[in-house]
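Have a look at start_12.cif below; it lists mmCIF, C-alpha atoms and all ligand atoms.
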```cif
data_query
loop_
_atom_site.group_PDB
_atom_site.id
_atom_site.type_symbol
_atom_site.label_atom_id
_atom_site.label_comp_id
_atom_site.auth_asym_id
_atom_site.auth_seq_id
_atom_site.Cartn_x
_atom_site.Cartn_y
_atom_site.Cartn_z
ATOM 1 C CA MET A 14 238.092 -171.969 162.951
ATOM 2 C CA SER A 15 235.683 -172.137 165.849
ATOM 3 C CA ASP A 16 233.393 -169.775 163.933
ATOM 4 C CA LEU A 17 233.328 -172.148 160.966
ATOM 5 C CA SER A 18 232.482 -175.217 163.071
ATOM 6 C CA THR A 19 229.715 -173.325 164.861
ATOM 7 C CA THR A 20 228.217 -172.346 161.517
ATOM 8 C CA THR A 21 228.406 -175.933 160.269
ATOM 9 C CA THR A 22 226.793 -177.314 163.418
ATOM 10 C CA ARG A 23 223.999 -174.793 163.335
ATOM 11 C CA ALA A 24 223.420 -175.403 159.625
ATOM 12 C CA ALA A 25 223.294 -179.166 160.198
ATOM 13 C CA VAL A 26 220.498 -178.775 162.750
ATOM 14 C CA ALA A 27 218.528 -176.315 160.626
ATOM 15 C CA ILE A 28 215.421 -177.984 159.228
ATOM 16 C CA PRO A 29 215.246 -177.889 155.467
ATOM 17 C CA THR A 30 211.845 -177.248 153.904
ATOM 18 C CA LEU A 31 210.799 -178.229 150.394
ATOM 19 C CA SER A 32 208.178 -176.215 148.520
ATOM 20 C CA ALA A 33 204.771 -177.885 148.378
ATOM 21 C CA LYS A 34 204.731 -177.285 144.633
ATOM 22 C CA ALA A 35 207.880 -179.389 144.204
ATOM 23 C CA VAL A 36 206.614 -182.205 146.428
ATOM 24 C CA LEU A 37 203.044 -182.494 145.097
ATOM 25 C CA PRO A 38 203.764 -184.403 141.823
ATOM 26 C CA TRP A 39 205.848 -186.907 143.817
ATOM 27 C CA LEU A 40 203.082 -187.221 146.395
ATOM 28 C CA LEU A 41 200.606 -187.975 143.617
ATOM 29 C CA PHE A 42 202.969 -190.555 142.101
ATOM 30 C CA ALA A 43 203.711 -192.288 145.426
ATOM 31 C CA GLY A 44 200.020 -192.212 146.385
ATOM 32 C CA LEU A 45 198.856 -193.779 143.111
ATOM 33 C CA LEU A 46 201.614 -196.408 143.218
ATOM 34 C CA MET A 47 200.561 -197.319 146.757
ATOM 35 C CA LEU A 48 196.846 -197.451 145.876
ATOM 36 C CA VAL A 49 197.308 -199.666 142.796
ATOM 37 C CA ALA A 50 199.739 -202.027 144.550
ATOM 38 C CA MET A 51 197.663 -202.237 147.726
ATOM 39 C CA TYR A 52 194.532 -202.928 145.668
ATOM 40 C CA PHE A 53 196.061 -206.164 144.417
ATOM 41 C CA ILE A 54 197.264 -207.132 147.889
ATOM 42 C CA SER A 55 194.035 -206.221 149.678
ATOM 43 C CA ALA A 56 190.988 -206.706 147.471
ATOM 44 C CA GLU A 57 191.620 -208.201 143.995
ATOM 45 C CA GLN A 58 189.709 -211.471 143.426
ATOM 46 C CA GLY A 59 188.038 -210.938 146.778
ATOM 47 C CA ALA A 60 185.190 -208.461 146.856
ATOM 48 C CA ILE A 61 186.185 -207.155 143.406
ATOM 49 C CA SER A 62 187.791 -208.995 140.474
ATOM 50 C CA LEU A 63 189.576 -207.254 137.616
ATOM 51 C CA LEU A 64 191.341 -210.463 136.632
ATOM 52 C CA SER A 65 189.552 -213.791 136.309
ATOM 53 C CA GLY A 66 190.500 -216.811 138.394
ATOM 54 C CA THR A 67 191.774 -216.991 141.954
ATOM 55 C CA GLY A 68 195.554 -217.062 141.458
ATOM 56 C CA VAL A 69 196.228 -213.532 142.751
ATOM 57 C CA HIS A 70 193.929 -214.027 145.756
ATOM 58 C CA GLU A 71 195.635 -217.292 146.651
ATOM 59 C CA TRP A 72 199.159 -215.982 146.150
ATOM 60 C CA VAL A 73 198.659 -212.991 148.486
ATOM 61 C CA HIS A 74 196.150 -214.846 150.701
ATOM 62 C CA ASP A 75 198.140 -215.044 153.955
ATOM 63 C CA GLY A 76 199.432 -211.503 153.562
ATOM 64 C CA ARG A 77 195.908 -210.227 152.995
ATOM 65 C CA HIS A 78 194.709 -211.856 156.227
ATOM 66 C CA LEU A 79 197.715 -210.912 158.345
ATOM 67 C CA LEU A 80 197.890 -207.324 157.093
ATOM 68 C CA GLY A 81 194.304 -207.057 158.350
ATOM 69 C CA PHE A 82 192.187 -206.830 155.194
ATOM 70 C CA PRO A 83 188.809 -208.565 154.845
ATOM 71 C CA CYS A 84 189.556 -211.688 152.776
ATOM 72 C CA HIS A 85 186.365 -213.750 152.637
ATOM 73 C CA MET B 5 217.472 -182.280 148.860
ATOM 74 C CA SER B 6 214.500 -183.185 146.683
ATOM 75 C CA ALA B 7 211.233 -185.085 147.015
ATOM 76 C CA ARG B 8 212.696 -187.755 144.743
ATOM 77 C CA GLU B 9 215.477 -188.419 147.269
ATOM 78 C CA PHE B 10 212.837 -188.871 149.987
ATOM 79 C CA LEU B 11 210.848 -191.219 147.743
ATOM 80 C CA THR B 12 213.803 -193.506 146.975
ATOM 81 C CA ARG B 13 214.771 -193.612 150.659
ATOM 82 C CA GLY B 14 211.180 -194.429 151.563
ATOM 83 C CA LEU B 15 211.073 -197.282 149.043
ATOM 84 C CA LEU B 16 214.330 -198.694 150.421
ATOM 85 C CA ALA B 17 213.254 -198.411 154.082
ATOM 86 C CA GLY B 18 209.924 -199.988 153.057
ATOM 87 C CA LEU B 19 211.710 -202.945 151.461
ATOM 88 C CA LEU B 20 213.520 -203.649 154.734
ATOM 89 C CA ALA B 21 210.278 -203.126 156.663
ATOM 90 C CA GLY B 22 208.458 -205.585 154.394
ATOM 91 C CA ILE B 23 211.108 -208.251 154.948
ATOM 92 C CA VAL B 24 211.023 -207.831 158.747
ATOM 93 C CA ALA B 25 207.205 -207.822 158.708
ATOM 94 C CA PHE B 26 207.329 -211.099 156.759
ATOM 95 C CA GLY B 27 209.503 -212.602 159.489
ATOM 96 C CA VAL B 28 207.035 -211.564 162.187
ATOM 97 C CA ALA B 29 204.034 -212.689 160.133
ATOM 98 C CA TYR B 30 205.648 -216.040 159.380
ATOM 99 C CA VAL B 31 206.693 -216.791 162.951
ATOM 100 C CA ALA B 32 203.699 -215.335 164.821
ATOM 101 C CA GLY B 33 200.998 -215.446 162.145
ATOM 102 C CA GLU B 34 201.323 -218.751 160.319
ATOM 103 C CA PRO B 35 200.565 -220.965 163.366
ATOM 104 C CA PRO B 36 197.124 -219.355 163.974
ATOM 105 C CA VAL B 37 196.436 -219.236 160.201
ATOM 106 C CA ASN B 38 197.171 -222.961 159.952
ATOM 107 C CA ALA B 39 195.093 -223.645 163.058
ATOM 108 C CA ALA B 40 192.208 -221.701 161.512
ATOM 109 C CA ILE B 41 192.460 -223.624 158.237
ATOM 110 C CA ALA B 42 192.559 -226.935 160.145
ATOM 111 C CA LEU B 43 189.417 -225.900 162.029
ATOM 112 C CA GLU B 44 187.742 -224.964 158.767
ATOM 113 C CA GLU B 45 188.512 -228.373 157.313
ATOM 114 C CA THR B 46 187.232 -230.303 160.323
ATOM 115 C CA ALA B 47 184.090 -228.158 160.351
ATOM 116 C CA GLY B 48 183.627 -229.075 156.702
ATOM 117 C CA GLY B 49 182.426 -225.615 155.824
ATOM 118 C CA ALA B 50 179.333 -225.989 157.987
ATOM 119 C CA GLY B 51 178.259 -222.849 159.813
ATOM 120 C CA HIS B 52 180.241 -220.606 157.490
ATOM 121 C CA SER B 53 180.240 -220.457 153.726
ATOM 122 C CA HIS B 54 183.872 -219.572 153.200
ATOM 123 C CA ASP B 55 184.403 -222.043 150.382
ATOM 124 C CA ALA B 56 180.822 -222.675 149.348
ATOM 125 C CA GLY B 57 180.287 -219.238 147.874
ATOM 126 C CA THR B 58 183.656 -218.861 146.212
ATOM 127 C CA PRO B 59 184.396 -221.788 143.903
ATOM 128 C CA GLY B 60 188.054 -222.592 143.599
ATOM 129 C CA HIS B 61 188.843 -220.977 146.904
ATOM 130 C CA THR B 62 189.271 -224.143 148.923
ATOM 131 C CA HIS B 63 192.571 -224.099 150.711
ATOM 132 C CA ASP B 64 193.365 -227.755 150.035
ATOM 133 C CA GLU B 65 192.594 -227.764 146.301
ATOM 134 C CA ALA B 66 194.212 -224.386 145.680
ATOM 135 C CA GLU B 67 196.080 -223.374 142.531
ATOM 136 C CA VAL B 68 198.760 -222.030 144.830
ATOM 137 C CA PRO B 69 199.807 -224.634 147.420
ATOM 138 C CA ARG B 70 199.761 -223.629 151.092
ATOM 139 C CA SER B 71 203.560 -224.048 151.217
ATOM 140 C CA LEU B 72 203.905 -221.144 148.748
ATOM 141 C CA GLN B 73 201.062 -219.055 150.233
ATOM 142 C CA SER B 74 202.760 -219.077 153.630
ATOM 143 C CA THR B 75 206.243 -218.238 152.299
ATOM 144 C CA LEU B 76 206.726 -216.466 148.943
ATOM 145 C CA GLY B 77 203.089 -215.396 148.803
ATOM 146 C CA LEU B 78 203.218 -213.893 152.281
ATOM 147 C CA LEU B 79 206.569 -212.244 151.467
ATOM 148 C CA THR B 80 205.011 -210.688 148.348
ATOM 149 C CA GLY B 81 202.234 -209.187 150.446
ATOM 150 C CA THR B 82 204.436 -207.673 153.142
ATOM 151 C CA VAL B 83 207.134 -206.445 150.734
ATOM 152 C CA VAL B 84 204.684 -204.820 148.296
ATOM 153 C CA ALA B 85 202.934 -203.159 151.256
ATOM 154 C CA GLY B 86 206.257 -202.095 152.797
ATOM 155 C CA VAL B 87 207.787 -200.691 149.607
ATOM 156 C CA THR B 88 204.738 -198.741 148.411
ATOM 157 C CA LEU B 89 203.749 -197.445 151.867
ATOM 158 C CA GLY B 90 207.430 -196.580 152.359
ATOM 159 C CA GLY B 91 207.455 -194.487 149.187
ATOM 160 C CA LEU B 92 204.383 -192.603 150.356
ATOM 161 C CA VAL B 93 205.753 -192.060 153.873
ATOM 162 C CA GLY B 94 208.999 -190.817 152.299
ATOM 163 C CA VAL B 95 207.230 -188.165 150.215
ATOM 164 C CA LEU B 96 204.918 -187.191 153.101
ATOM 165 C CA SER B 97 207.997 -186.731 155.291
ATOM 166 C CA ALA B 98 209.462 -184.457 152.613
ATOM 167 C CA LEU B 99 206.268 -182.402 152.799
ATOM 168 C CA ALA B 100 206.144 -182.375 156.612
ATOM 169 C CA MET B 101 209.817 -181.439 157.024
ATOM 170 C CA GLY B 102 210.182 -178.015 158.610
ATOM 171 C CA ARG B 103 206.429 -177.360 158.621
ATOM 172 C CA PHE B 104 205.840 -178.220 162.281
ATOM 173 C CA GLY B 105 208.247 -175.922 164.054
ATOM 174 C CA SER B 106 211.697 -176.993 165.109
ATOM 175 C CA VAL B 107 211.102 -180.736 164.894
ATOM 176 C CA SER B 108 214.177 -182.588 163.638
ATOM 177 C CA PRO B 109 214.079 -184.498 160.326
ATOM 178 C CA ARG B 110 214.378 -187.778 162.262
ATOM 179 C CA ALA B 111 211.493 -186.955 164.592
ATOM 180 C CA THR B 112 209.342 -185.675 161.703
ATOM 181 C CA THR B 113 209.835 -188.899 159.735
ATOM 182 C CA THR B 114 209.141 -191.097 162.756
ATOM 183 C CA ALA B 115 205.983 -189.098 163.503
ATOM 184 C CA VAL B 116 204.737 -189.517 159.914
ATOM 185 C CA ALA B 117 205.259 -193.302 160.124
ATOM 186 C CA ALA B 118 203.582 -193.485 163.557
ATOM 187 C CA ALA B 119 200.612 -191.536 162.197
ATOM 188 C CA GLY B 120 200.483 -193.912 159.211
ATOM 189 C CA PHE B 121 200.284 -196.915 161.537
ATOM 190 C CA ILE B 122 197.449 -195.384 163.556
ATOM 191 C CA VAL B 123 195.470 -193.921 160.640
ATOM 192 C CA LEU B 124 195.822 -196.828 158.193
ATOM 193 C CA TYR B 125 195.877 -199.825 160.549
ATOM 194 C CA VAL B 126 194.922 -199.189 164.177
ATOM 195 C CA LEU B 127 191.786 -197.169 163.448
ATOM 196 C CA PRO B 128 190.168 -199.651 160.994
ATOM 197 C CA PHE B 129 191.236 -202.421 163.424
ATOM 198 C CA LEU B 130 188.929 -200.912 166.079
ATOM 199 C CA ALA B 131 185.796 -201.425 163.974
ATOM 200 C CA TYR B 132 186.923 -204.305 161.761
ATOM 201 C CA PRO B 133 189.509 -206.429 163.568
ATOM 202 C CA PRO B 134 191.318 -208.785 161.173
ATOM 203 C CA ASN B 135 189.919 -212.287 160.877
ATOM 204 C CA PRO B 136 191.701 -215.578 160.209
ATOM 205 C CA PRO B 137 190.593 -217.820 157.326
ATOM 206 C CA ALA B 138 187.112 -219.335 157.825
ATOM 207 C CA VAL B 139 185.815 -216.412 159.861
ATOM 208 C CA GLY B 140 183.457 -214.256 157.835
ATOM 209 C CA SER B 141 180.545 -215.006 155.547
ATOM 210 C CA SER B 142 181.065 -214.865 151.781
ATOM 211 C CA GLU B 143 177.625 -213.224 151.458
ATOM 212 C CA THR B 144 178.880 -210.133 153.276
ATOM 213 C CA ILE B 145 182.410 -209.881 151.828
ATOM 214 C CA GLY B 146 181.280 -207.126 149.446
ATOM 215 C CA VAL B 147 179.669 -204.935 152.091
ATOM 216 C CA ARG B 148 182.426 -205.666 154.638
ATOM 217 C CA THR B 149 185.142 -204.700 152.144
ATOM 218 C CA ALA B 150 183.240 -201.523 151.219
ATOM 219 C CA ALA B 151 182.768 -200.601 154.898
ATOM 220 C CA TYR B 152 186.438 -201.289 155.662
ATOM 221 C CA PHE B 153 187.772 -199.093 152.858
ATOM 222 C CA THR B 154 185.200 -196.353 153.513
ATOM 223 C CA LEU B 155 186.304 -196.206 157.146
ATOM 224 C CA LEU B 156 189.923 -196.151 155.948
ATOM 225 C CA ALA B 157 189.104 -193.173 153.704
ATOM 226 C CA VAL B 158 187.309 -191.391 156.583
ATOM 227 C CA SER B 159 190.358 -192.013 158.782
ATOM 228 C CA VAL B 160 192.674 -190.462 156.164
ATOM 229 C CA LEU B 161 190.344 -187.461 155.712
ATOM 230 C CA ALA B 162 190.118 -186.997 159.497
ATOM 231 C CA ALA B 163 193.925 -187.034 159.663
ATOM 232 C CA VAL B 164 194.193 -184.409 156.911
ATOM 233 C CA VAL B 165 191.652 -182.188 158.728
ATOM 234 C CA ALA B 166 193.501 -182.720 162.028
ATOM 235 C CA VAL B 167 196.847 -181.714 160.484
ATOM 236 C CA LEU B 168 195.304 -178.594 158.900
ATOM 237 C CA VAL B 169 193.647 -177.635 162.216
ATOM 238 C CA GLY B 170 196.897 -178.215 164.116
ATOM 239 C CA ARG B 171 198.945 -176.203 161.622
ATOM 240 C CA HIS B 172 196.417 -173.369 161.643
ATOM 241 C CA LEU B 173 196.430 -173.196 165.464
ATOM 242 C CA ARG B 174 200.227 -172.889 165.538
ATOM 243 C CA THR B 175 199.721 -169.175 164.852
ATOM 244 C CA ARG B 176 197.655 -168.822 168.061
ATOM 245 C CA LEU B 177 198.844 -171.587 170.419
ATOM 246 C CA ASP B 178 202.264 -172.987 171.114
ATOM 247 C CA GLY B 179 203.338 -176.122 169.253
ATOM 248 C CA TRP B 180 202.468 -178.521 172.078
ATOM 249 C CA HIS B 181 198.872 -177.339 172.471
ATOM 250 C CA ALA B 182 198.331 -177.008 168.726
ATOM 251 C CA THR B 183 199.425 -180.664 168.388
ATOM 252 C CA LEU B 184 197.090 -181.725 171.219
ATOM 253 C CA VAL B 185 194.102 -180.004 169.592
ATOM 254 C CA GLY B 186 195.045 -181.558 166.243
ATOM 255 C CA ALA B 187 195.206 -185.039 167.801
ATOM 256 C CA ALA B 188 191.884 -184.457 169.584
ATOM 257 C CA THR B 189 190.329 -183.422 166.257
ATOM 258 C CA TYR B 190 191.443 -186.713 164.710
ATOM 259 C CA LEU B 191 190.176 -188.730 167.689
ATOM 260 C CA VAL B 192 186.738 -187.105 167.610
ATOM 261 C CA LEU B 193 186.263 -187.416 163.835
ATOM 262 C CA ALA B 194 187.744 -190.897 163.349
ATOM 263 C CA GLY B 195 186.447 -192.212 166.695
ATOM 264 C CA GLY B 196 182.977 -190.934 165.798
ATOM 265 C CA ALA B 197 183.158 -192.820 162.510
ATOM 266 C CA VAL B 198 184.197 -196.016 164.318
ATOM 267 C CA ALA B 199 181.151 -195.652 166.583
ATOM 268 C CA LEU B 200 178.766 -195.019 163.671
ATOM 269 C CA PHE B 201 179.988 -197.622 161.177
ATOM 270 C CA PRO B 202 178.154 -200.987 161.039
ATOM 271 C CA ARG B 203 179.617 -204.003 162.854
ATOM 272 C CA PHE B 204 179.887 -207.517 161.469
ATOM 273 C CA ASN B 205 180.262 -210.261 164.007
ATOM 274 C CA GLU B 206 180.671 -213.416 161.970
ATOM 275 C CA VAL B 207 182.850 -215.444 164.292
ATOM 276 C CA PRO B 208 181.285 -218.938 164.314
ATOM 277 C CA ALA B 209 179.778 -220.130 167.609
ATOM 278 C CA HIS B 210 182.288 -222.057 169.752
ATOM 279 C CA TYR B 211 185.203 -220.744 167.691
ATOM 280 C CA PRO B 212 188.380 -221.143 169.807
ATOM 281 C CA ALA B 213 189.076 -217.732 171.326
ATOM 282 C CA THR B 214 192.815 -218.423 171.493
ATOM 283 C CA VAL B 215 193.069 -218.919 167.704
ATOM 284 C CA LEU B 216 191.220 -215.664 167.094
ATOM 285 C CA TYR B 217 193.286 -213.788 169.677
ATOM 286 C CA ASP B 218 196.615 -215.209 168.468
ATOM 287 C CA PHE B 219 195.739 -214.349 164.889
ATOM 288 C CA ARG B 220 194.760 -210.754 165.695
ATOM 289 C CA LEU B 221 197.814 -210.276 167.891
ATOM 290 C CA ALA B 222 200.030 -211.620 165.068
ATOM 291 C CA SER B 223 198.389 -209.264 162.578
ATOM 292 C CA PHE B 224 198.967 -206.331 164.937
ATOM 293 C CA ALA B 225 202.597 -207.352 165.473
ATOM 294 C CA THR B 226 203.132 -207.696 161.699
ATOM 295 C CA GLN B 227 201.854 -204.189 160.989
ATOM 296 C CA LEU B 228 203.655 -202.731 164.022
ATOM 297 C CA ALA B 229 206.932 -204.270 162.813
ATOM 298 C CA LEU B 230 206.328 -202.942 159.305
ATOM 299 C CA TRP B 231 205.681 -199.359 160.392
ATOM 300 C CA ALA B 232 208.335 -199.309 163.139
ATOM 301 C CA VAL B 233 211.123 -200.537 160.845
ATOM 302 C CA LEU B 234 209.911 -198.255 158.060
ATOM 303 C CA GLY B 235 209.827 -195.216 160.353
ATOM 304 C CA LEU B 236 213.127 -195.816 162.110
ATOM 305 C CA VAL B 237 215.152 -196.795 159.024
ATOM 306 C CA LEU B 238 213.714 -193.926 156.989
ATOM 307 C CA ALA B 239 214.403 -191.535 159.884
ATOM 308 C CA GLU B 240 218.068 -192.544 159.771
ATOM 309 C CA LEU B 241 218.287 -192.171 155.986
ATOM 310 C CA VAL B 242 216.521 -188.780 156.060
ATOM 311 C CA HIS B 243 218.783 -187.606 158.871
ATOM 312 C CA ARG B 244 221.847 -188.429 156.778
ATOM 313 C CA LEU B 245 220.312 -186.717 153.761
ATOM 314 C CA ALA B 246 219.491 -183.567 155.761
ATOM 315 C CA THR B 247 222.913 -183.508 157.451
ATOM 316 C CA ARG B 248 224.702 -183.960 154.131
ATOM 317 C CA THR B 249 222.613 -181.219 152.511
ATOM 318 C CA ALA B 250 223.181 -178.860 155.444
ATOM 319 C CA THR B 251 226.938 -179.550 155.402
ATOM 320 C CA LEU B 252 227.092 -178.901 151.655
ATOM 321 C CA ASP B 253 225.148 -175.658 152.133
ATOM 322 C CA ALA B 254 227.408 -174.622 154.989
ATOM 323 C CA ASP B 255 230.493 -175.371 152.874
ATOM 324 C CA ARG B 256 229.070 -173.311 150.058
ATOM 325 C CA VAL B 257 228.438 -170.438 152.465
ATOM 326 C CA ALA B 258 231.924 -170.834 153.991
ATOM 327 C CA VAL B 259 233.567 -170.781 150.531
HETATM 328 ZN ZN ZN C 1 191.446 -216.098 153.318
#
```

Would you write the structure of this file as structure tokens?
Amino acid sequence: MSDLSTTTTRAAVAIPTLSAKAVLPWLLFAGLLMLVAMYFISAEQGAISLLSGTGVHEWVHDGRHLLGFPCH
Amino acid sequence: MSAREFLTRGLLAGLLAGIVAFGVAYVAGEPPVNAAIALEETAGGAGHSHDAGTPGHTHDEAEVPRSLQSTLGLLTGTVVAGVTLGGLVGVLSALAMGRFGSVSPRATTTAVAAAGFIVLYVLPFLAYPPNPPAVGSSETIGVRTAAYFTLLAVSVLAAVVAVLVGRHLRTRLDGWHATLVGAATYLVLAGGAVALFPRFNEVPAHYPATVLYDFRLASFATQLALWAVLGLVLAELVHRLATRTATLDADRVAV
């Protein structure tokens, strides 16, 4: 009984490692998602405009300033 | 345990982080933003061409009223940043797990989030501190944005180099000293870039220092809240995931 609990405790502290090969596609996905989303928050209709108008810029305006991006 | 499980936990922790960051930004950030806009209106655009160069950008004749910009608009910004940065921190934690010696899953995750805060916010802040509305010339927005994102990219590259150097040295030094050399590598590379990159001082003459200071402090607090909540909540979720996985493995072994 004490042997079992010792094994469980030790196993719980052991640090699991994932293979880089398995993580890489997810890293790419999360990275691209972040870049596209952050583009609209940080720069769209500011220095660069993919969409016409100023609606996006105005909607995220305060967030853009307070998250620290150049706005004007 | 899979990278997908880290990603979903990162997105969830990021959502919470984005909501908390909104609270901080709203309470600490909106007063200086409103003060800055009031100053801009009394100045009538003289001395800075914030509205002159960008038609339709006037804050009073906006498509989106200020009441929405400061609430739902601000929430959109912090939540989108929180969720997507959270996803990335989640996957990076999955990659970092177990690759830096006997550091616990919780500590690994917290360290990844702390590094994210420094690399993605604090470092660019040193060269390009955030500015409230009406500070900054519309003629230089292009070059300032380019400089900001280039420095951000250099900071990320410096961090990647620093991690590779630190990991490589683990074979020759102990973990503590390998980490110190890695951190020093980042400081030299990224700090060197900060020193070399161009500066833009476009704060109008006689601009109230308190408004500028309060705004920058609020921006710092917003990002600190975002990364702290993200790191700590994700650390808890990852800890549970790792414990559950380890218990399942142990059960399997025991059976
Ligand atoms: Zn603005």

Checklist entry - Could you write out as JSON, numbers by chain the residues of chain A within 7 Å of chain B, counting only C-alpha atoms? => result {"A": [20, 21, 24, 25, 28, 29, 30, 31, 33, 36, 39, 40, 43, 44, 46, 47, 50, 51, 54, 60, 67, 68, 71, 72, 73, 74, 75, 76, 77, 78, 79, 80, 81, 82, 83, 85]}

Checklist entry - Can you list what the PyMOL selection byres (((chain B and resi 114) around 9) and not hetatm) grabs from this structure, as a PyMOL selection string? => result chain B and resi 97+109-113+115-119+232+234-236+238-239

Print the selection's residues with C-alpha atoms to a file, as a PDB file, in the frame of the given file.
```
ATOM      1  CA  SER B  97     207.997-186.731 155.291  1.00  0.00           C
ATOM      2  CA  PRO B 109     214.079-184.498 160.326  1.00  0.00           C
ATOM      3  CA  ARG B 110     214.378-187.778 162.262  1.00  0.00           C
ATOM      4  CA  ALA B 111     211.493-186.955 164.592  1.00  0.00           C
ATOM      5  CA  THR B 112     209.342-185.675 161.703  1.00  0.00           C
ATOM      6  CA  THR B 113     209.835-188.899 159.735  1.00  0.00           C
ATOM      7  CA  ALA B 115     205.983-189.098 163.503  1.00  0.00           C
ATOM      8  CA  VAL B 116     204.737-189.517 159.914  1.00  0.00           C
ATOM      9  CA  ALA B 117     205.259-193.302 160.124  1.00  0.00           C
ATOM     10  CA  ALA B 118     203.582-193.485 163.557  1.00  0.00           C
ATOM     11  CA  ALA B 119     200.612-191.536 162.197  1.00  0.00           C
ATOM     12  CA  ALA B 232     208.335-199.309 163.139  1.00  0.00           C
ATOM     13  CA  LEU B 234     209.911-198.255 158.060  1.00  0.00           C
ATOM     14  CA  GLY B 235     209.827-195.216 160.353  1.00  0.00           C
ATOM     15  CA  LEU B 236     213.127-195.816 162.110  1.00  0.00           C
ATOM     16  CA  LEU B 238     213.714-193.926 156.989  1.00  0.00           C
ATOM     17  CA  ALA B 239     214.403-191.535 159.884  1.00  0.00           C
TER      18      ALA B 239
END
```

Checklist entry - When distances are computed from only C-alpha atoms, which of B:Ala194, B:Val237, B:Ala209, B:Val169 shows the smallest separation from B:Val123? => result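 Among B:Ala194, B:Val237, B:Ala209, B:Val169, it is B:Ala194 that comes nearest to B:Val123.
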
Next on the checklist: Please compute the atom CA of B:Gly186-atom CA of B:Leu161 distance, one decimal, in Å.
Outcome noted: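 If I compute the distance from atom CA of B:Gly186 to atom CA of B:Leu161, I get 13.0 Å.
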
Next on the checklist: Could you tell me how far atom CA of A:Leu64 sits from atom CA of B:Thr154, in Å to one decimal place?
Outcome noted: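 Those two atoms sit 22.8 Å apart.
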
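Rounded to one decimal, atom CA of B:Asp218 and atom CA of B:Gly196 lie 28.0 Å from each other.
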
Checklist entry - Which polymer residues have any atom within 12 Å of an atom of stretch 172-174 of chain B, counting all atoms listed in the file, with same-chain residues fewer than 5 positions away left out, as a count of residues only? => result 15

Checklist entry - Pick the closest to B:Val158 from B:Ala197, B:Ala47, B:Leu241, B:Ala131: which is it, counting only C-alpha atoms? => result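 Result for the nearest residue to B:Val158: B:Ala197.
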
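Nearest-residue note for ligand ZN 1 (chain C): choosing from A:Cys84, A:Ala35, A:Val69, A:Val49, the minimum distance belongs to A:Cys84, counting all atoms listed in the file.
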
Checklist entry - Restricting the calculation to only C-alpha atoms and all ligand atoms, which member of B:Glu44, B:Glu240, B:Ile23, B:Val28 is positioned closest to ligand ZN 1 (chain C)? => result B:Glu44
